[in-house]
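What follows is the content of start-v2.cif (mmCIF, C-alpha atoms).
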data_entry
#
loop_
_atom_site.label_atom_id
_atom_site.label_comp_id
_atom_site.auth_asym_id
_atom_site.auth_seq_id
_atom_site.Cartn_x
_atom_site.Cartn_y
_atom_site.Cartn_z
CA MET A 1 -107.21 236.78 -59.07
CA GLY A 2 -104.81 238.31 -56.53
CA GLN A 3 -104.66 237.36 -52.85
CA ILE A 4 -106.52 240.50 -51.75
CA ASN A 5 -109.24 239.92 -54.35
CA TYR A 6 -109.64 236.32 -53.20
CA SER A 7 -109.99 237.30 -49.56
CA LEU A 8 -112.49 240.05 -50.35
CA ARG A 9 -114.46 237.74 -52.65
CA VAL A 10 -114.61 235.05 -49.96
CA TRP A 11 -115.62 237.70 -47.41
CA ASP A 12 -118.37 238.87 -49.78
CA LEU A 13 -119.61 235.30 -50.25
CA MET A 14 -119.68 234.77 -46.48
CA ARG A 15 -121.63 237.97 -46.02
CA ASP A 16 -124.11 236.94 -48.72
CA ALA A 17 -124.54 233.50 -47.13
CA SER A 18 -125.03 235.08 -43.73
CA VAL A 19 -127.57 237.61 -45.00
CA ASN A 20 -129.48 234.90 -46.87
CA ALA A 21 -129.51 232.59 -43.85
CA GLU A 22 -130.70 235.40 -41.57
CA SER A 23 -133.41 236.36 -44.08
CA ILE A 24 -134.69 232.79 -44.15
CA LEU A 25 -134.66 232.65 -40.34
CA MET A 26 -136.41 236.01 -40.11
CA GLU A 27 -139.18 234.88 -42.47
CA PHE A 28 -139.48 231.60 -40.57
CA GLY A 29 -139.75 233.61 -37.35
CA ILE A 30 -142.46 235.85 -38.76
CA GLN A 31 -144.48 232.85 -39.94
CA SER A 32 -143.97 231.02 -36.64
CA LYS A 33 -144.42 234.16 -34.47
CA LEU A 34 -140.87 233.84 -33.13
CA SER A 35 -138.06 236.36 -32.87
CA ARG A 36 -134.98 235.89 -35.03
CA LEU A 37 -133.01 234.87 -31.93
CA GLN A 38 -135.69 232.37 -30.91
CA SER A 39 -135.61 230.92 -34.44
CA ARG A 40 -131.82 230.66 -34.38
CA ALA A 41 -131.91 228.99 -30.96
CA LEU A 42 -134.49 226.42 -32.06
CA LEU A 43 -132.51 225.56 -35.18
CA GLN A 44 -129.27 225.21 -33.23
CA ILE A 45 -130.95 223.04 -30.57
CA PHE A 46 -132.37 220.92 -33.41
CA ILE A 47 -128.85 220.45 -34.80
CA GLN A 48 -127.30 219.65 -31.40
CA LYS A 49 -130.19 217.43 -30.15
CA ALA A 50 -129.54 218.29 -26.49
CA ILE A 51 -127.22 221.01 -25.27
CA ARG A 52 -126.30 223.03 -22.20
CA LEU A 53 -127.36 226.67 -22.25
CA SER A 54 -123.75 227.85 -21.84
CA ASP A 55 -122.63 225.77 -24.85
CA LEU A 56 -125.55 227.03 -26.92
CA ALA A 57 -124.60 230.62 -26.07
CA ILE A 58 -121.02 230.02 -27.24
CA ILE A 59 -122.11 228.38 -30.49
CA MET A 60 -124.55 231.18 -31.22
CA GLY A 61 -122.20 233.94 -30.09
CA VAL A 62 -124.84 235.31 -27.74
CA ASN A 63 -124.65 236.48 -24.13
CA SER A 64 -125.85 233.60 -21.93
CA GLY A 65 -128.07 235.94 -19.89
CA ASN A 66 -129.94 237.08 -22.98
CA LEU A 67 -130.14 233.53 -24.29
CA SER A 68 -131.47 232.35 -20.94
CA ARG A 69 -134.43 234.72 -21.30
CA VAL A 70 -134.98 233.58 -24.89
CA CYS A 71 -134.93 229.93 -23.83
CA GLN A 72 -137.27 230.64 -20.91
CA SER A 73 -139.79 232.12 -23.36
CA LEU A 74 -139.36 229.11 -25.67
CA GLU A 75 -139.87 226.76 -22.72
CA ASN A 76 -142.97 228.68 -21.58
CA ALA A 77 -144.37 228.41 -25.12
CA GLY A 78 -143.74 224.65 -25.16
CA PHE A 79 -140.98 224.58 -27.82
CA ILE A 80 -138.14 223.35 -25.61
CA GLN A 81 -137.67 221.43 -22.39
CA ARG A 82 -134.94 221.21 -19.79
CA GLU A 83 -133.75 217.89 -18.44
CA ARG A 84 -130.98 216.99 -16.04
CA SER A 85 -127.88 215.58 -17.67
CA LEU A 86 -127.39 211.86 -17.08
CA GLN A 87 -123.62 212.40 -16.91
CA ASP A 88 -123.72 215.30 -14.44
CA ARG A 89 -126.89 215.82 -12.40
CA ARG A 90 -125.87 219.46 -11.76
CA GLU A 91 -126.25 220.28 -15.44
CA TRP A 92 -129.42 220.91 -17.39
CA LEU A 93 -129.73 220.02 -21.06
CA ILE A 94 -132.07 221.83 -23.42
CA SER A 95 -133.87 219.86 -26.12
CA LEU A 96 -136.86 220.33 -28.39
CA THR A 97 -140.33 219.17 -27.45
CA GLU A 98 -142.56 217.61 -30.10
CA LYS A 99 -144.00 221.09 -30.74
CA GLY A 100 -140.46 222.44 -31.12
CA LYS A 101 -139.50 219.64 -33.50
CA LYS A 102 -142.62 220.16 -35.61
CA THR A 103 -142.00 223.89 -35.82
CA THR A 104 -138.28 223.57 -36.52
CA ASN A 105 -138.85 220.93 -39.19
CA LYS A 106 -140.41 223.70 -41.32
CA ILE A 107 -137.14 225.63 -41.51
CA VAL A 108 -135.10 222.43 -41.85
CA ARG A 109 -137.17 221.46 -44.91
CA VAL A 110 -136.46 224.86 -46.50
CA ILE A 111 -132.73 224.46 -45.83
CA GLN A 112 -132.73 220.91 -47.19
CA LYS A 113 -134.71 221.92 -50.28
CA SER A 114 -132.29 224.74 -51.08
CA PHE A 115 -129.38 222.32 -50.74
CA GLU A 116 -131.05 219.65 -52.88
CA SER A 117 -131.24 222.01 -55.84
CA PHE A 118 -127.55 222.81 -55.37
CA ARG A 119 -126.70 219.13 -54.97
CA GLU A 120 -128.32 218.19 -58.27
CA ASP A 121 -125.63 220.16 -60.13
CA HIS A 122 -122.61 218.91 -58.15
CA SER A 123 -120.92 215.58 -57.53
CA GLU A 124 -120.46 214.08 -54.08
CA GLU A 125 -116.73 214.73 -54.42
CA GLU A 126 -117.39 218.43 -55.10
CA LEU A 127 -119.70 218.63 -52.09
CA ASP A 128 -117.12 216.91 -49.88
CA GLN A 129 -114.49 219.37 -51.13
CA LEU A 130 -116.80 222.33 -50.47
CA ILE A 131 -117.43 221.18 -46.91
CA ARG A 132 -113.73 220.47 -46.30
CA LEU A 133 -112.59 223.83 -47.68
CA TRP A 134 -115.34 225.77 -45.92
CA THR A 135 -114.46 224.06 -42.63
CA GLU A 136 -110.78 224.87 -43.07
CA TYR A 137 -111.55 228.48 -43.92
CA SER A 138 -113.89 228.78 -40.98
CA GLN A 139 -111.13 227.53 -38.69
CA CYS A 140 -108.71 230.12 -40.12
CA PHE A 141 -111.33 232.81 -39.73
CA ASN A 142 -111.89 231.76 -36.12
CA LYS A 143 -108.14 231.98 -35.45
CA ALA A 144 -108.14 235.52 -36.85
CA TYR A 145 -111.06 236.38 -34.58
CA GLN A 146 -109.23 234.98 -31.55
CA GLN A 147 -106.13 237.02 -32.47
CA ILE A 148 -108.18 240.22 -32.69
CA ARG A 149 -109.77 239.50 -29.30
CA ALA A 150 -106.33 238.87 -27.75
CA GLU A 151 -104.97 242.26 -28.85
#
Translate the structure of the given file into structure tokens.
Amino acid sequence: MGQINYSLRVWDLMRDASVNAESILMEFGIQSKLSRLQSRALLQIFIQKAIRLSDLAIIMGVNSGNLSRVCQSLENAGFIQRERSLQDRREWLISLTEKGKKTTNKIVRVIQKSFESFREDHSEEELDQLIRLWTEYSQCFNKAYQQIRAE
């Protein structure tokens, strides 16, 4: 397979993974009566444990003003809480409440179940290699993004 074919195939795989992930989040949101952005925020907060709003916005690639409104609605609904950072009292950290953890665990179980079926057919070495290669490619892709933004 030529270099162009490889890059387009990888691009296609990334698109498929992204579409599938968004479809799962959308269905989770429908079942949980949450928007797709609220679902994404809850999952990312779950992964990070506790995070500043500005850092969450960067990770999610979302405007912090929009994300602030999303997080306010999640806080009002009892899914997340804000607490002052122990390292810097000027900062607020967002984390899940018990209700948020219970709700987010539903989507986490779906993600874990989908991975378990994949894992049954692959060795730990193959999984380590997949993660290593995907991480390296993601870093290259991020560099390309930064170059485009700098132009």
Once the PyMOL selection byres ((chain A and resi 46) around 12) is applied to the coordinates I shared, what remains selected? I want it as an MDAnalysis selection string.
chainID A and resid 39:45 47:51 56 79:80 94:108
For those residues, write C-alpha atoms to a file as a PDB file, keeping the file's coordinate frame.
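again.pdb, freshly written:
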ATOM      1  CA  SER A  39    -135.610 230.920 -34.440  1.00  0.00           C
ATOM      2  CA  ARG A  40    -131.820 230.660 -34.380  1.00  0.00           C
ATOM      3  CA  ALA A  41    -131.910 228.990 -30.960  1.00  0.00           C
ATOM      4  CA  LEU A  42    -134.490 226.420 -32.060  1.00  0.00           C
ATOM      5  CA  LEU A  43    -132.510 225.560 -35.180  1.00  0.00           C
ATOM      6  CA  GLN A  44    -129.270 225.210 -33.230  1.00  0.00           C
ATOM      7  CA  ILE A  45    -130.950 223.040 -30.570  1.00  0.00           C
ATOM      8  CA  ILE A  47    -128.850 220.450 -34.800  1.00  0.00           C
ATOM      9  CA  GLN A  48    -127.300 219.650 -31.400  1.00  0.00           C
ATOM     10  CA  LYS A  49    -130.190 217.430 -30.150  1.00  0.00           C
ATOM     11  CA  ALA A  50    -129.540 218.290 -26.490  1.00  0.00           C
ATOM     12  CA  ILE A  51    -127.220 221.010 -25.270  1.00  0.00           C
ATOM     13  CA  LEU A  56    -125.550 227.030 -26.920  1.00  0.00           C
ATOM     14  CA  PHE A  79    -140.980 224.580 -27.820  1.00  0.00           C
ATOM     15  CA  ILE A  80    -138.140 223.350 -25.610  1.00  0.00           C
ATOM     16  CA  ILE A  94    -132.070 221.830 -23.420  1.00  0.00           C
ATOM     17  CA  SER A  95    -133.870 219.860 -26.120  1.00  0.00           C
ATOM     18  CA  LEU A  96    -136.860 220.330 -28.390  1.00  0.00           C
ATOM     19  CA  THR A  97    -140.330 219.170 -27.450  1.00  0.00           C
ATOM     20  CA  GLU A  98    -142.560 217.610 -30.100  1.00  0.00           C
ATOM     21  CA  LYS A  99    -144.000 221.090 -30.740  1.00  0.00           C
ATOM     22  CA  GLY A 100    -140.460 222.440 -31.120  1.00  0.00           C
ATOM     23  CA  LYS A 101    -139.500 219.640 -33.500  1.00  0.00           C
ATOM     24  CA  LYS A 102    -142.620 220.160 -35.610  1.00  0.00           C
ATOM     25  CA  THR A 103    -142.000 223.890 -35.820  1.00  0.00           C
ATOM     26  CA  THR A 104    -138.280 223.570 -36.520  1.00  0.00           C
ATOM     27  CA  ASN A 105    -138.850 220.930 -39.190  1.00  0.00           C
ATOM     28  CA  LYS A 106    -140.410 223.700 -41.320  1.00  0.00           C
ATOM     29  CA  ILE A 107    -137.140 225.630 -41.510  1.00  0.00           C
ATOM     30  CA  VAL A 108    -135.100 222.430 -41.850  1.00  0.00           C
TER      31      VAL A 108
END
Point-to-point distance in Å for CA of Ala144 in chain A and CA of Gln129 in chain A
22.5 Å
May I have the residues within 12 Å of Ile111 in chain A as a count of residues only, using only C-alpha atoms and disregarding those fewer than 6 positions away in the same chain?
11
Counting only C-alpha atoms, figure out which residue out of A:Lys143, A:Arg36, A:Arg149, A:Arg82 gets nearest to Leu53 in chain A.
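The answer is A:Arg82, which sits nearest to Leu53 in chain A.
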For CA of Ser68 in chain A and CA of Ser85 in chain A, quote the distance in Å rounded to one decimal.
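Distance reported for this atom pair: 17.5 Å.
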Around all the atoms of range 60-78 of chain A listed in the file, draw an axis-aligned box and extend it by 3 Å on each of the six sides; I want its centre and edge lengths in Å to one decimal, as JSON.
{"center_x": -133.3, "center_y": 230.9, "center_z": -25.6, "size_x": 28.2, "size_y": 18.4, "size_z": 17.3}
One number please: CA of Arg89 in chain A to CA of Asn66 in chain A, in Å, one decimal.
23.9 Å
Excluding Val70 in chain A and its own-chain neighbours fewer than 6 positions away, which residues fall within 10 Å of it when counting all atoms listed in the file? Please give them as a list in words.
Ser35, Leu37, Gln38, Ser39, Ala41, Ser64 and Asn76 of chain A
Quick one: residues within 12 Å of range 2-18 of chain A, all atoms listed in the file, excluding same-chain residues fewer than 4 positions away - as a VMD selection string?
chain A and resid 22 to 26 133 to 134 137 to 138 140 to 141
